[in-house]
$ cat upload_4.tsv   # TSV, C-alpha atoms
chain	number	residue	atom	x	y	z
C	54	MET	CA	44.73	-148.89	64.38
C	55	LYS	CA	47.99	-149.89	66.05
C	56	MET	CA	50.58	-147.25	66.82
C	57	ASN	CA	53.85	-146.94	68.72
C	58	SER	CA	52.91	-146.21	72.32
C	59	SER	CA	53.99	-143.05	74.09
C	60	ALA	CA	55.14	-145.20	76.99
C	61	THR	CA	57.69	-146.88	74.76
C	62	ALA	CA	58.86	-143.50	73.51
C	63	ARG	CA	59.49	-142.26	77.03
C	64	ILE	CA	61.92	-145.04	77.92
C	65	LEU	CA	64.12	-144.43	74.90
C	66	THR	CA	67.41	-142.73	75.69
C	67	GLY	CA	68.27	-139.34	74.34
C	68	THR	CA	70.75	-140.92	71.94
C	69	THR	CA	68.15	-143.33	70.58
C	70	LEU	CA	65.63	-140.51	70.17
C	71	ALA	CA	68.12	-138.48	68.20
C	72	LEU	CA	68.94	-141.46	65.99
C	73	THR	CA	65.21	-142.20	65.49
C	74	ALA	CA	64.54	-138.60	64.49
C	75	SER	CA	67.35	-138.67	61.93
C	76	LEU	CA	66.08	-141.94	60.48
C	77	VAL	CA	62.56	-140.51	60.20
C	78	LEU	CA	63.84	-137.47	58.36
C	79	ALA	CA	65.85	-139.66	56.00
C	80	ALA	CA	62.88	-141.95	55.33
C	81	CYS	CA	60.42	-139.10	54.69
C	82	GLY	CA	62.77	-136.68	52.94
C	83	GLY	CA	62.85	-135.68	49.32
C	84	SER	CA	59.29	-134.32	49.17
C	85	GLY	CA	60.16	-130.98	47.70
C	86	ASP	CA	56.55	-130.23	46.70
C	87	THR	CA	55.31	-130.17	50.29
C	88	ALA	CA	54.37	-127.05	52.22
C	89	SER	CA	57.63	-127.12	54.21
C	90	GLU	CA	60.72	-129.25	54.68
C	91	ALA	CA	59.76	-129.89	58.31
C	92	GLU	CA	56.43	-131.43	57.35
C	93	PRO	CA	57.57	-135.08	57.04
C	94	LYS	CA	59.00	-134.94	60.57
C	95	GLN	CA	55.80	-133.38	61.87
C	96	ALA	CA	53.69	-135.99	60.12
C	97	GLU	CA	55.66	-138.87	61.60
C	98	GLN	CA	55.59	-137.37	65.08
C	99	ALA	CA	51.82	-136.93	64.79
C	100	LYS	CA	51.40	-140.50	63.60
C	101	ASN	CA	53.25	-141.77	66.64
C	102	GLY	CA	51.16	-139.91	69.17
C	103	GLY	CA	52.77	-136.47	69.29
C	104	ALA	CA	49.72	-134.64	68.00
C	105	THR	CA	48.91	-131.04	68.87
C	106	THR	CA	45.66	-129.15	68.35
C	107	VAL	CA	45.08	-128.38	64.67
C	108	LYS	CA	43.51	-125.12	63.52
C	109	ASN	CA	40.55	-125.40	61.17
C	110	PRO	CA	41.42	-129.00	60.35
C	111	LEU	CA	40.83	-130.68	57.02
C	112	VAL	CA	40.34	-134.43	56.73
C	113	ALA	CA	41.07	-136.34	53.54
C	114	SER	CA	40.46	-140.04	53.06
C	115	TYR	CA	42.86	-142.35	51.28
C	116	ASP	CA	42.88	-146.09	50.61
C	117	GLY	CA	43.45	-147.38	54.13
C	118	GLY	CA	43.00	-144.34	56.29
C	119	LEU	CA	42.66	-140.61	56.83
C	120	TYR	CA	44.95	-137.61	56.68
C	121	VAL	CA	44.40	-134.70	59.07
C	122	LEU	CA	45.80	-131.38	57.89
C	123	ASP	CA	46.03	-127.86	59.21
C	124	GLY	CA	43.48	-125.85	57.25
C	125	GLU	CA	45.70	-122.77	57.15
C	126	THR	CA	49.10	-124.21	56.31
C	127	LEU	CA	47.98	-127.56	54.81
C	128	LYS	CA	50.67	-129.25	56.88
C	129	LEU	CA	50.01	-132.93	57.51
C	130	ALA	CA	49.30	-133.32	61.22
C	131	LYS	CA	48.17	-136.91	61.55
C	132	THR	CA	47.89	-140.15	59.59
C	133	VAL	CA	45.04	-142.34	60.80
C	134	GLU	CA	45.06	-145.95	59.69
C	135	LEU	CA	41.48	-147.04	59.02
C	136	PRO	CA	40.83	-149.97	56.68
C	137	GLY	CA	37.91	-150.01	54.28
C	138	PHE	CA	36.19	-147.38	52.17
C	139	ASN	CA	35.66	-144.42	54.48
C	140	ARG	CA	33.73	-141.23	53.86
C	141	VAL	CA	34.06	-137.91	55.68
C	142	ASN	CA	31.63	-135.07	56.38
C	143	PRO	CA	31.61	-132.03	58.65
C	144	ALA	CA	29.93	-132.82	61.97
C	145	GLY	CA	28.68	-129.26	62.34
C	146	ASP	CA	31.14	-127.71	64.80
C	147	ASP	CA	34.71	-126.41	64.82
C	148	ASP	CA	36.34	-129.64	65.96
C	149	HIS	CA	34.70	-132.79	64.63
C	150	VAL	CA	34.00	-134.69	61.43
C	151	VAL	CA	31.71	-137.66	60.89
C	152	VAL	CA	33.42	-140.68	59.36
C	153	SER	CA	31.30	-143.29	57.59
C	154	THR	CA	32.95	-146.67	58.19
C	155	ASP	CA	32.08	-150.32	57.63
C	156	SER	CA	30.40	-150.45	61.05
C	157	GLY	CA	28.51	-147.15	60.97
C	158	PHE	CA	29.05	-143.46	61.67
C	159	ARG	CA	31.99	-142.60	63.93
C	160	VAL	CA	32.86	-139.15	65.24
C	161	TYR	CA	36.46	-138.00	64.90
C	162	ASP	CA	37.88	-135.05	66.82
C	163	ALA	CA	39.95	-133.61	64.01
C	164	ALA	CA	41.23	-130.70	66.08
C	165	ARG	CA	42.84	-133.09	68.57
C	166	GLN	CA	43.24	-136.02	66.16
C	167	ALA	CA	41.41	-138.78	67.99
C	168	PHE	CA	38.21	-140.78	67.60
C	169	THR	CA	35.66	-140.07	70.33
C	170	ASP	CA	33.23	-142.51	71.92
C	171	ALA	CA	30.38	-141.10	69.83
C	172	GLU	CA	29.27	-143.77	67.38
C	173	PHE	CA	26.07	-144.58	65.50
C	174	LYS	CA	26.33	-148.20	64.48
C	175	GLY	CA	24.50	-149.57	61.47
C	176	ALA	CA	25.04	-151.03	58.03
C	177	LYS	CA	25.64	-148.70	55.10
C	178	PRO	CA	25.96	-145.29	56.75
C	179	GLY	CA	24.85	-142.75	54.17
C	180	HIS	CA	24.13	-139.04	54.00
C	181	VAL	CA	25.18	-136.52	56.66
C	182	VAL	CA	23.21	-133.25	56.60
C	183	ARG	CA	23.88	-130.07	58.57
C	184	HIS	CA	21.20	-127.40	58.85
C	185	GLY	CA	20.00	-124.90	61.44
C	186	GLY	CA	22.34	-126.07	64.16
C	187	ARG	CA	21.36	-129.71	63.79
C	188	THR	CA	23.20	-132.63	62.23
C	189	VAL	CA	21.21	-135.50	60.70
C	190	LEU	CA	22.56	-138.97	59.90
C	191	PHE	CA	20.78	-141.45	57.62
C	192	THR	CA	21.78	-145.12	57.85
C	193	ASP	CA	20.81	-146.79	54.58
C	194	GLY	CA	21.00	-150.37	55.84
C	195	THR	CA	18.45	-149.80	58.61
C	196	GLY	CA	16.54	-146.70	57.52
C	197	GLU	CA	17.40	-145.10	60.86
C	198	VAL	CA	17.61	-141.32	61.14
C	199	ASN	CA	19.53	-139.70	64.00
C	200	VAL	CA	19.42	-135.98	64.78
C	201	PHE	CA	21.67	-134.19	67.27
C	202	ASP	CA	23.09	-130.84	68.26
C	203	PRO	CA	26.76	-130.85	67.21
C	204	ALA	CA	27.64	-128.77	70.28
C	205	ASP	CA	26.91	-131.91	72.31
C	206	LEU	CA	29.89	-133.67	70.71
C	207	ALA	CA	32.24	-131.71	72.95
C	208	GLY	CA	31.85	-134.25	75.76
C	209	GLY	CA	33.22	-137.05	73.63
C	210	LYS	CA	30.14	-139.23	74.10
C	211	ARG	CA	27.31	-140.07	71.74
C	212	PRO	CA	24.94	-137.09	71.95
C	213	GLU	CA	21.33	-137.53	72.96
C	214	GLY	CA	18.93	-136.57	70.23
C	215	ARG	CA	15.98	-137.42	68.06
C	216	SER	CA	15.71	-140.73	66.25
C	217	TYR	CA	13.31	-142.05	63.63
C	218	THR	CA	13.21	-145.26	61.65
C	219	SER	CA	11.91	-145.25	58.08
C	220	ALA	CA	9.16	-147.67	57.12
C	221	GLU	CA	11.71	-149.53	55.00
C	222	ALA	CA	15.47	-149.32	54.70
C	223	HIS	CA	16.70	-147.49	51.60
C	224	HIS	CA	19.40	-145.14	50.35
C	225	GLY	CA	17.91	-141.99	51.80
C	226	VAL	CA	18.48	-138.60	53.33
C	227	ALA	CA	16.79	-136.40	55.94
C	228	ILE	CA	16.91	-132.84	57.23
C	229	GLU	CA	15.42	-131.19	60.34
C	230	LEU	CA	14.03	-127.66	60.00
C	231	ALA	CA	14.01	-124.84	62.54
C	232	GLY	CA	10.45	-125.64	63.66
C	233	GLY	CA	11.31	-129.26	64.40
C	234	GLU	CA	9.89	-130.69	61.17
C	235	LEU	CA	11.81	-133.70	59.91
C	236	VAL	CA	11.79	-134.03	56.12
C	237	THR	CA	12.92	-137.50	55.07
C	238	THR	CA	12.85	-139.66	51.96
C	239	LEU	CA	10.48	-142.51	51.12
C	240	GLY	CA	11.55	-145.73	49.49
C	241	THR	CA	12.67	-149.32	49.60
C	242	GLU	CA	15.87	-151.06	48.58
C	243	GLU	CA	14.41	-151.46	45.08
C	244	LYS	CA	12.57	-148.18	44.57
C	245	ARG	CA	12.64	-144.65	45.95
C	246	THR	CA	9.56	-142.49	45.42
C	247	GLY	CA	9.52	-139.22	47.34
C	248	ALA	CA	9.53	-137.70	50.80
C	249	LEU	CA	7.40	-137.12	53.88
C	250	VAL	CA	7.38	-134.57	56.69
C	251	LEU	CA	7.00	-135.28	60.40
C	252	ASP	CA	6.28	-132.60	62.97
C	253	LYS	CA	8.38	-132.31	66.13
C	254	ASN	CA	6.26	-135.08	67.69
C	255	ASP	CA	6.85	-137.41	64.71
C	256	LYS	CA	3.32	-137.02	63.37
C	257	GLU	CA	3.17	-137.08	59.58
C	258	ILE	CA	1.98	-133.74	58.22
C	259	ALA	CA	2.88	-133.91	54.51
C	260	ARG	CA	3.84	-136.45	51.89
C	261	ALA	CA	4.83	-136.48	48.20
C	262	GLU	CA	5.39	-139.59	46.11
C	263	ASN	CA	6.06	-137.98	42.75
C	264	CYS	CA	9.86	-137.94	42.93
C	265	PRO	CA	11.14	-141.13	41.30
C	266	GLY	CA	14.68	-142.12	42.29
C	267	VAL	CA	14.81	-139.43	44.99
C	268	HIS	CA	18.41	-138.70	45.92
C	269	GLY	CA	20.30	-135.93	47.61
C	270	GLU	CA	19.19	-132.86	49.52
C	271	ALA	CA	19.98	-129.16	49.69
C	272	ALA	CA	18.50	-126.19	51.53
C	273	ALA	CA	18.09	-122.76	49.99
C	274	GLN	CA	17.40	-119.36	51.48
C	275	GLY	CA	14.25	-119.34	53.60
C	276	GLU	CA	14.56	-123.03	54.52
C	277	VAL	CA	13.30	-124.28	51.20
C	278	VAL	CA	14.47	-127.88	50.83
C	279	GLY	CA	15.11	-129.56	47.51
C	280	PHE	CA	15.37	-133.28	46.72
C	281	GLY	CA	16.67	-134.56	43.41
C	282	CYS	CA	14.42	-136.71	41.22
C	283	GLU	CA	14.80	-138.51	37.90
C	284	ASP	CA	12.40	-136.03	36.30
C	285	GLY	CA	13.14	-132.79	38.13
C	286	VAL	CA	13.38	-131.57	41.72
C	287	LEU	CA	10.97	-131.87	44.64
C	288	LEU	CA	10.73	-128.76	46.83
C	289	TYR	CA	9.35	-128.47	50.36
C	290	LYS	CA	8.38	-124.87	51.02
C	291	ASP	CA	6.01	-123.21	53.48
C	292	GLY	CA	4.54	-126.53	54.58
C	293	GLU	CA	3.86	-127.89	51.10
C	294	PHE	CA	5.60	-129.93	48.43
C	295	THR	CA	6.07	-128.50	44.94
C	296	LYS	CA	7.52	-130.31	41.93
C	297	VAL	CA	9.94	-128.59	39.58
C	298	ASP	CA	9.63	-130.43	36.29
C	299	ALA	CA	12.64	-130.99	34.07
C	300	PRO	CA	12.51	-131.13	30.27
C	301	GLY	CA	12.11	-134.61	28.83
C	302	ASP	CA	11.00	-137.91	30.33
C	303	TYR	CA	14.29	-138.53	32.12
C	304	ALA	CA	16.45	-135.79	33.64
C	305	ARG	CA	18.17	-136.75	36.86
C	306	THR	CA	19.31	-134.14	39.35
C	307	GLY	CA	20.71	-136.40	42.05
C	308	ASN	CA	23.25	-134.05	43.63
C	309	GLN	CA	22.56	-130.53	44.83
C	310	ALA	CA	24.28	-127.74	46.73
C	311	GLY	CA	22.43	-124.99	48.56
C	312	SER	CA	23.20	-121.71	50.30
C	313	ASP	CA	21.43	-119.85	53.08
C	314	VAL	CA	21.95	-116.59	51.19
C	315	SER	CA	20.60	-117.74	47.83
C	316	PRO	CA	17.09	-118.84	46.81
C	317	ILE	CA	18.59	-120.89	43.97
C	318	LEU	CA	19.83	-124.45	44.26
C	319	LEU	CA	22.74	-125.80	42.22
C	320	GLY	CA	22.31	-129.30	40.83
C	321	ASP	CA	23.82	-131.72	38.38
C	322	TYR	CA	21.85	-132.77	35.29
C	323	LYS	CA	21.92	-136.17	33.61
C	324	THR	CA	19.70	-137.32	30.75
C	325	ASP	CA	20.85	-140.82	29.78
C	326	PRO	CA	19.19	-143.52	31.94
C	327	ASP	CA	21.20	-146.29	30.26
C	328	ALA	CA	24.68	-144.80	30.60
C	329	GLU	CA	27.21	-146.77	32.63
C	330	LEU	CA	28.60	-143.40	33.60
C	331	GLU	CA	27.20	-140.23	32.13
C	332	ARG	CA	29.58	-137.29	32.00
C	333	PRO	CA	27.26	-134.28	31.74
C	334	THR	CA	28.38	-130.81	30.75
C	335	ARG	CA	25.20	-129.03	31.85
C	336	ILE	CA	24.33	-128.04	35.41
C	337	SER	CA	20.89	-127.07	36.72
C	338	LEU	CA	19.91	-123.96	38.65
C	339	ILE	CA	16.60	-124.38	40.48
C	340	ASP	CA	14.85	-121.15	41.48
C	341	THR	CA	12.86	-121.98	44.62
C	342	ARG	CA	10.85	-118.74	44.28
C	343	THR	CA	9.38	-119.64	40.90
C	344	ALA	CA	9.85	-123.44	40.90
C	345	LYS	CA	11.66	-123.13	37.57
C	346	MET	CA	14.84	-124.80	36.37
C	347	LYS	CA	17.55	-123.19	34.26
C	348	LEU	CA	20.25	-125.22	32.49
C	349	VAL	CA	23.80	-123.95	31.93
C	350	ASP	CA	26.28	-125.71	29.66
C	351	LEU	CA	29.81	-125.34	31.00
C	352	GLY	CA	31.48	-127.01	28.04
C	353	THR	CA	33.21	-129.46	30.36
C	354	SER	CA	32.04	-132.42	32.41
C	355	TYR	CA	32.21	-132.72	36.20
C	356	SER	CA	31.48	-135.25	38.93
C	357	PHE	CA	29.25	-135.50	42.00
C	358	ARG	CA	32.17	-134.21	44.08
C	359	SER	CA	32.44	-131.07	41.93
C	360	LEU	CA	29.55	-129.00	43.32
C	361	ALA	CA	29.72	-126.42	46.13
C	362	ARG	CA	28.60	-122.93	47.11
C	363	GLY	CA	30.66	-119.87	47.94
C	364	PRO	CA	30.28	-117.42	50.84
C	365	HIS	CA	28.06	-115.08	48.79
C	366	GLY	CA	25.92	-117.86	47.37
C	367	GLU	CA	28.06	-118.32	44.26
C	368	ALA	CA	27.56	-121.62	42.46
C	369	LEU	CA	30.89	-123.44	42.20
C	370	VAL	CA	31.64	-126.29	39.80
C	371	LEU	CA	34.99	-128.02	39.34
C	372	GLY	CA	35.26	-129.19	35.74
C	373	THR	CA	37.26	-132.06	34.31
C	374	ASN	CA	39.21	-129.41	32.41
C	375	GLY	CA	40.71	-128.47	35.78
C	376	ILE	CA	38.83	-125.17	35.97
C	377	LEU	CA	36.84	-124.04	39.01
C	378	HIS	CA	33.83	-122.23	37.58
C	379	VAL	CA	32.34	-119.42	39.69
C	380	ILE	CA	28.75	-118.92	38.53
C	381	ASP	CA	26.17	-116.24	39.30
C	382	PRO	CA	23.14	-118.39	40.23
C	383	GLU	CA	20.68	-115.65	39.26
C	384	THR	CA	21.89	-115.27	35.69
C	385	GLY	CA	23.79	-118.49	35.09
C	386	GLU	CA	26.80	-116.46	33.91
C	387	VAL	CA	30.26	-117.84	34.61
C	388	GLU	CA	31.82	-114.87	36.39
C	389	LYS	CA	35.25	-116.33	37.01
C	390	LYS	CA	37.35	-119.27	35.84
C	391	ILE	CA	40.07	-120.36	38.23
C	392	GLU	CA	42.79	-122.80	37.18
C	393	ALA	CA	42.62	-125.29	40.04
C	394	VAL	CA	44.07	-128.64	38.88
C	395	GLY	CA	45.14	-130.38	35.69
C	396	ASP	CA	42.78	-132.12	33.28
C	397	TRP	CA	41.17	-135.24	34.75
C	398	THR	CA	38.72	-137.98	33.86
C	399	GLU	CA	35.97	-139.23	36.14
C	400	PRO	CA	36.52	-142.94	36.94
C	401	LEU	CA	33.74	-145.45	36.28
C	402	ASP	CA	33.72	-146.65	39.90
C	403	TRP	CA	32.24	-143.93	42.13
C	404	GLN	CA	34.44	-145.04	45.03
C	405	GLN	CA	37.65	-144.35	43.11
C	406	PRO	CA	39.50	-141.05	43.69
C	407	ARG	CA	38.85	-137.99	41.58
C	408	PRO	CA	39.44	-134.27	42.24
C	409	THR	CA	37.14	-133.14	45.04
C	410	LEU	CA	35.93	-129.68	46.01
C	411	PHE	CA	35.39	-128.58	49.63
C	412	VAL	CA	34.58	-124.97	50.55
C	413	ARG	CA	34.88	-123.27	53.92
C	414	ASP	CA	34.29	-119.55	54.31
C	415	HIS	CA	36.21	-117.80	51.50
C	416	THR	CA	38.56	-120.67	50.75
C	417	ALA	CA	38.09	-123.51	48.30
C	418	TYR	CA	40.12	-126.66	48.85
C	419	VAL	CA	40.67	-128.90	45.84
C	420	SER	CA	42.32	-132.30	45.83
C	421	GLU	CA	44.35	-133.59	42.89
C	422	PRO	CA	44.79	-137.32	43.50
C	423	GLY	CA	46.71	-137.88	40.27
C	424	LYS	CA	49.54	-135.82	41.73
C	425	ARG	CA	48.82	-136.68	45.39
C	426	GLN	CA	48.27	-132.96	45.96
C	427	LEU	CA	45.87	-130.69	47.79
C	428	HIS	CA	45.43	-127.00	46.98
C	429	SER	CA	43.81	-123.99	48.64
C	430	ILE	CA	42.23	-121.23	46.57
C	431	ASP	CA	41.07	-117.79	47.66
C	432	LEU	CA	37.63	-117.36	46.14
C	433	GLU	CA	37.70	-113.56	46.34
C	434	SER	CA	40.94	-113.08	44.42
C	435	GLY	CA	40.79	-116.31	42.44
C	436	LYS	CA	44.41	-116.99	43.31
C	437	LYS	CA	45.83	-120.33	44.37
C	438	GLY	CA	47.35	-120.28	47.83
C	439	THR	CA	49.14	-123.20	49.42
C	440	SER	CA	49.71	-126.60	47.83
C	441	VAL	CA	50.90	-129.77	49.52
C	442	THR	CA	51.94	-133.20	48.33
C	443	LEU	CA	50.72	-136.12	50.44
C	444	PRO	CA	52.12	-139.65	50.79
C	445	LYS	CA	49.15	-141.22	48.99
C	446	ALA	CA	46.40	-140.11	46.64
C	447	THR	CA	43.33	-138.88	48.50
C	448	ASN	CA	39.69	-139.62	47.79
C	449	GLU	CA	37.13	-137.66	49.82
C	450	LEU	CA	37.93	-134.24	51.25
C	451	SER	CA	36.11	-132.49	54.08
C	452	GLY	CA	36.76	-130.61	57.30
C	453	THR	CA	35.33	-129.04	60.38
C	454	VAL	CA	32.79	-126.28	59.90
C	455	ASP	CA	30.11	-124.66	62.06
C	456	GLY	CA	26.56	-125.75	61.42
C	457	HIS	CA	24.24	-123.31	59.66
$ encode --input "upload_4.tsv" --output "structure tokens"
Amino acid sequence: MKMNSSATARILTGTTLALTASLVLAACGGSGDTASEAEPKQAEQAKNGGATTVKNPLVASYDGGLYVLDGETLKLAKTVELPGFNRVNPAGDDDHVVVSTDSGFRVYDAARQAFTDAEFKGAKPGHVVRHGGRTVLFTDGTGEVNVFDPADLAGGKRPEGRSYTSAEAHHGVAIELAGGELVTTLGTEEKRTGALVLDKNDKEIARAENCPGVHGEAAAQGEVVGFGCEDGVLLYKDGEFTKVDAPGDYARTGNQAGSDVSPILLGDYKTDPDAELERPTRISLIDTRTAKMKLVDLGTSYSFRSLARGPHGEALVLGTNGILHVIDPETGEVEKKIEAVGDWTEPLDWQQPRPTLFVRDHTAYVSEPGKRQLHSIDLESGKKGTSVTLPKATNELSGTVDGH
């Protein structure tokens, strides 16, 4: 990314600086929907190197870069030019996010708005998992798994940590448990079949190959881990694998969301193996205590970026009707319906923008790319807080958050 240098800025005269500032305001003005009138000036100053530390930063991707925003005010603090399709995930601490780029995983200091020297190179960087104070990266193109303590990112260098390479490269995911066990998927580029468990010395201690199309991961209360299958969910609990069967021959639960305070996992639920894009209206609730699955029909479809959990373990689903559904995972009852965005339709291409849900503490952040907007919602009151309009439509939405 090429920016105006601070050295050049320093040699400008006071008159030129004043003229430049007025031109910037004129060029960026007219955005009456933004959080404040001063925001365009702040954004341009940040873009040109005048960044200050951001509180609880959010990071949103757009076609060609990233936006860094203050998580409290939603003011745009920095525009980062970054070509390609980029994905963002929390790194597991208060300052950093992991950015999946064309070359691999890169670590971005969102609080100070700068890439660090921490990088995990490899083709097709995939899932990023945070659990128990550890962050795990899975590189699909190589099958490499990297585990590190996110606290070690503070030095700006690539952290030392555990690494493991899968028998064959595949679109996978892994998680490290408190005892040092590494639970990671099995598969090839053509076929994914299940998961295995390695102890802290990388000795295999368990294996299950009865999870066709294994995809996605979530951890529930008590460190029960669930993996989505095309015929149910595979659980790893108390040192053993257990299969939760779904009704019918094909029922894919490829995306899940878990909570440390709930024994129930939230998952999507698709039943048409031949659909170019299935738009399901039912979600699945997987009880890890009983290994049973409950289905709830919301009466509206959703996407893979619609699932999250609240601070009390609530199951959260953003529907294409624009409603954020707050669901009691024990009963499946929709306890609250929050008007979050307007009606939307999931695009056929999974890389194209659609409203995205990101939750941190008691606040839900929802993007609305059709209007180039981003909203904050208080989950306790159900009331919408701040909204901001950005220069371009955003795609993925994430932020910094402590590991758990």
$ closest_residue --input "upload_4.tsv" --among "C:Glu276, C:Glu234, C:Asp402, C:Glu242" --to "C:Leu330" --atoms "all atoms listed in the file"
C:Asp402
$ atom_distance --input "upload_4.tsv" --atom1 "atom CA of C:Gly117" --atom2 "atom CA of C:Arg211"
25.0 Å
$ residues_around --input "upload_4.tsv" --residues "stretch 224-226 of chain C" --least-positions-apart "4" --cutoff "7 Å" --atoms "only C-alpha atoms" --output "list in words"
His180, Phe191, Asp193, Thr237, Thr238, His268, Gly269 and Glu270 of chain C
$ residues_around --input "upload_4.tsv" --residues "stretch 312-324 of chain C" --least-positions-apart "6" --cutoff "9 Å" --atoms "only C-alpha atoms" --output "compact mmCIF listing (two decimals) with C-alpha atoms, in the coordinates of the input"
# COMPACT_ATOMS: atom_id res chain seq x y z
CA ALA C 271 19.98 -129.16 49.69
CA ALA C 272 18.50 -126.19 51.53
CA ALA C 273 18.09 -122.76 49.99
CA GLN C 274 17.40 -119.36 51.48
CA GLY C 275 14.25 -119.34 53.60
CA GLU C 276 14.56 -123.03 54.52
CA VAL C 277 13.30 -124.28 51.20
CA GLY C 279 15.11 -129.56 47.51
CA GLY C 281 16.67 -134.56 43.41
CA GLU C 283 14.80 -138.51 37.90
CA GLY C 301 12.11 -134.61 28.83
CA ASP C 302 11.00 -137.91 30.33
CA TYR C 303 14.29 -138.53 32.12
CA ALA C 304 16.45 -135.79 33.64
CA ARG C 305 18.17 -136.75 36.86
CA THR C 306 19.31 -134.14 39.35
CA GLU C 331 27.20 -140.23 32.13
CA ARG C 332 29.58 -137.29 32.00
CA PRO C 333 27.26 -134.28 31.74
CA THR C 334 28.38 -130.81 30.75
CA ARG C 335 25.20 -129.03 31.85
CA ILE C 336 24.33 -128.04 35.41
CA SER C 337 20.89 -127.07 36.72
CA LEU C 338 19.91 -123.96 38.65
CA ILE C 339 16.60 -124.38 40.48
CA ASP C 340 14.85 -121.15 41.48
CA THR C 341 12.86 -121.98 44.62
CA ARG C 342 10.85 -118.74 44.28
CA LEU C 348 20.25 -125.22 32.49
CA TYR C 355 32.21 -132.72 36.20
CA SER C 356 31.48 -135.25 38.93
CA PHE C 357 29.25 -135.50 42.00
CA LEU C 360 29.55 -129.00 43.32
CA ALA C 361 29.72 -126.42 46.13
CA ARG C 362 28.60 -122.93 47.11
CA GLY C 363 30.66 -119.87 47.94
CA PRO C 364 30.28 -117.42 50.84
CA HIS C 365 28.06 -115.08 48.79
CA GLY C 366 25.92 -117.86 47.37
CA GLU C 367 28.06 -118.32 44.26
CA ALA C 368 27.56 -121.62 42.46
CA LEU C 369 30.89 -123.44 42.20
CA PRO C 382 23.14 -118.39 40.23
CA GLU C 383 20.68 -115.65 39.26
CA HIS C 457 24.24 -123.31 59.66
$ closest_residue --input "upload_4.tsv" --among "C:Pro444, C:Pro406, C:Pro422, C:Gly435" --to "C:Ile391" --atoms "all atoms listed in the file"
C:Gly435
$ atom_distance --input "upload_4.tsv" --atom1 "atom CA of C:Thr241" --atom2 "atom CA of C:Ala222"
5.8 Å
$ atom_distance --input "upload_4.tsv" --atom1 "atom CA of C:Lys424" --atom2 "atom CA of C:Ser440"
11.1 Å
$ residues_near_point --input "upload_4.tsv" --point "(28.8, -150.6, 61.1)" --cutoff "12 Å" --atoms "all atoms listed in the file" --output "number ranges by chain"
C: 137, 139, 152-159, 172-179, 192-195
$ residues_around --input "upload_4.tsv" --residues "C:Thr246" --least-positions-apart "2" --cutoff "8 Å" --atoms "all atoms listed in the file" --output "PyMOL selection string"
chain C and resi 238-240+244+248+262-267
$ residues_around --input "upload_4.tsv" --residues "C:Glu388" --least-positions-apart "6" --cutoff "7 Å" --atoms "only C-alpha atoms" --output "PDB file with C-alpha atoms, keeping the file's coordinate frame"
ATOM      1  CA  VAL C 379      32.340-119.420  39.690  1.00  0.00           C
ATOM      2  CA  ILE C 380      28.750-118.920  38.530  1.00  0.00           C
ATOM      3  CA  ASP C 381      26.170-116.240  39.300  1.00  0.00           C
TER       4      ASP C 381
END
$ closest_residue --input "upload_4.tsv" --among "C:Gly452, C:Gly307, C:Gly292, C:Gly372" --to "C:Thr353" --atoms "all atoms listed in the file"
C:Gly372
$ closest_residue --input "upload_4.tsv" --among "C:Ser420, C:Ser434, C:Asn199, C:Ser451" --to "C:Lys390" --atoms "only C-alpha atoms"
C:Ser434
$ closest_residue --input "upload_4.tsv" --among "C:Asp284, C:Asp255, C:Asp205, C:Asp162" --to "C:Tyr217" --atoms "all atoms listed in the file"
C:Asp255
$ residues_around --input "upload_4.tsv" --residues "C:Thr409" --least-positions-apart "5" --cutoff "12 Å" --atoms "all atoms listed in the file" --output "NGL selection string"
:C and (113-114 or 355-361 or 369-373 or 375 or 377 or 393-394 or 397 or 399 or 417-423 or 426-429 or 446-451)
$ write_last_selection --input "upload_4.tsv" --atoms "C-alpha atoms" --output "compact mmCIF listing (two decimals), in the frame of the given file"
# COMPACT_ATOMS: atom_id res chain seq x y z
CA ALA C 113 41.07 -136.34 53.54
CA SER C 114 40.46 -140.04 53.06
CA TYR C 355 32.21 -132.72 36.20
CA SER C 356 31.48 -135.25 38.93
CA PHE C 357 29.25 -135.50 42.00
CA ARG C 358 32.17 -134.21 44.08
CA SER C 359 32.44 -131.07 41.93
CA LEU C 360 29.55 -129.00 43.32
CA ALA C 361 29.72 -126.42 46.13
CA LEU C 369 30.89 -123.44 42.20
CA VAL C 370 31.64 -126.29 39.80
CA LEU C 371 34.99 -128.02 39.34
CA GLY C 372 35.26 -129.19 35.74
CA THR C 373 37.26 -132.06 34.31
CA GLY C 375 40.71 -128.47 35.78
CA LEU C 377 36.84 -124.04 39.01
CA ALA C 393 42.62 -125.29 40.04
CA VAL C 394 44.07 -128.64 38.88
CA TRP C 397 41.17 -135.24 34.75
CA GLU C 399 35.97 -139.23 36.14
CA ALA C 417 38.09 -123.51 48.30
CA TYR C 418 40.12 -126.66 48.85
CA VAL C 419 40.67 -128.90 45.84
CA SER C 420 42.32 -132.30 45.83
CA GLU C 421 44.35 -133.59 42.89
CA PRO C 422 44.79 -137.32 43.50
CA GLY C 423 46.71 -137.88 40.27
CA GLN C 426 48.27 -132.96 45.96
CA LEU C 427 45.87 -130.69 47.79
CA HIS C 428 45.43 -127.00 46.98
CA SER C 429 43.81 -123.99 48.64
CA ALA C 446 46.40 -140.11 46.64
CA THR C 447 43.33 -138.88 48.50
CA ASN C 448 39.69 -139.62 47.79
CA GLU C 449 37.13 -137.66 49.82
CA LEU C 450 37.93 -134.24 51.25
CA SER C 451 36.11 -132.49 54.08
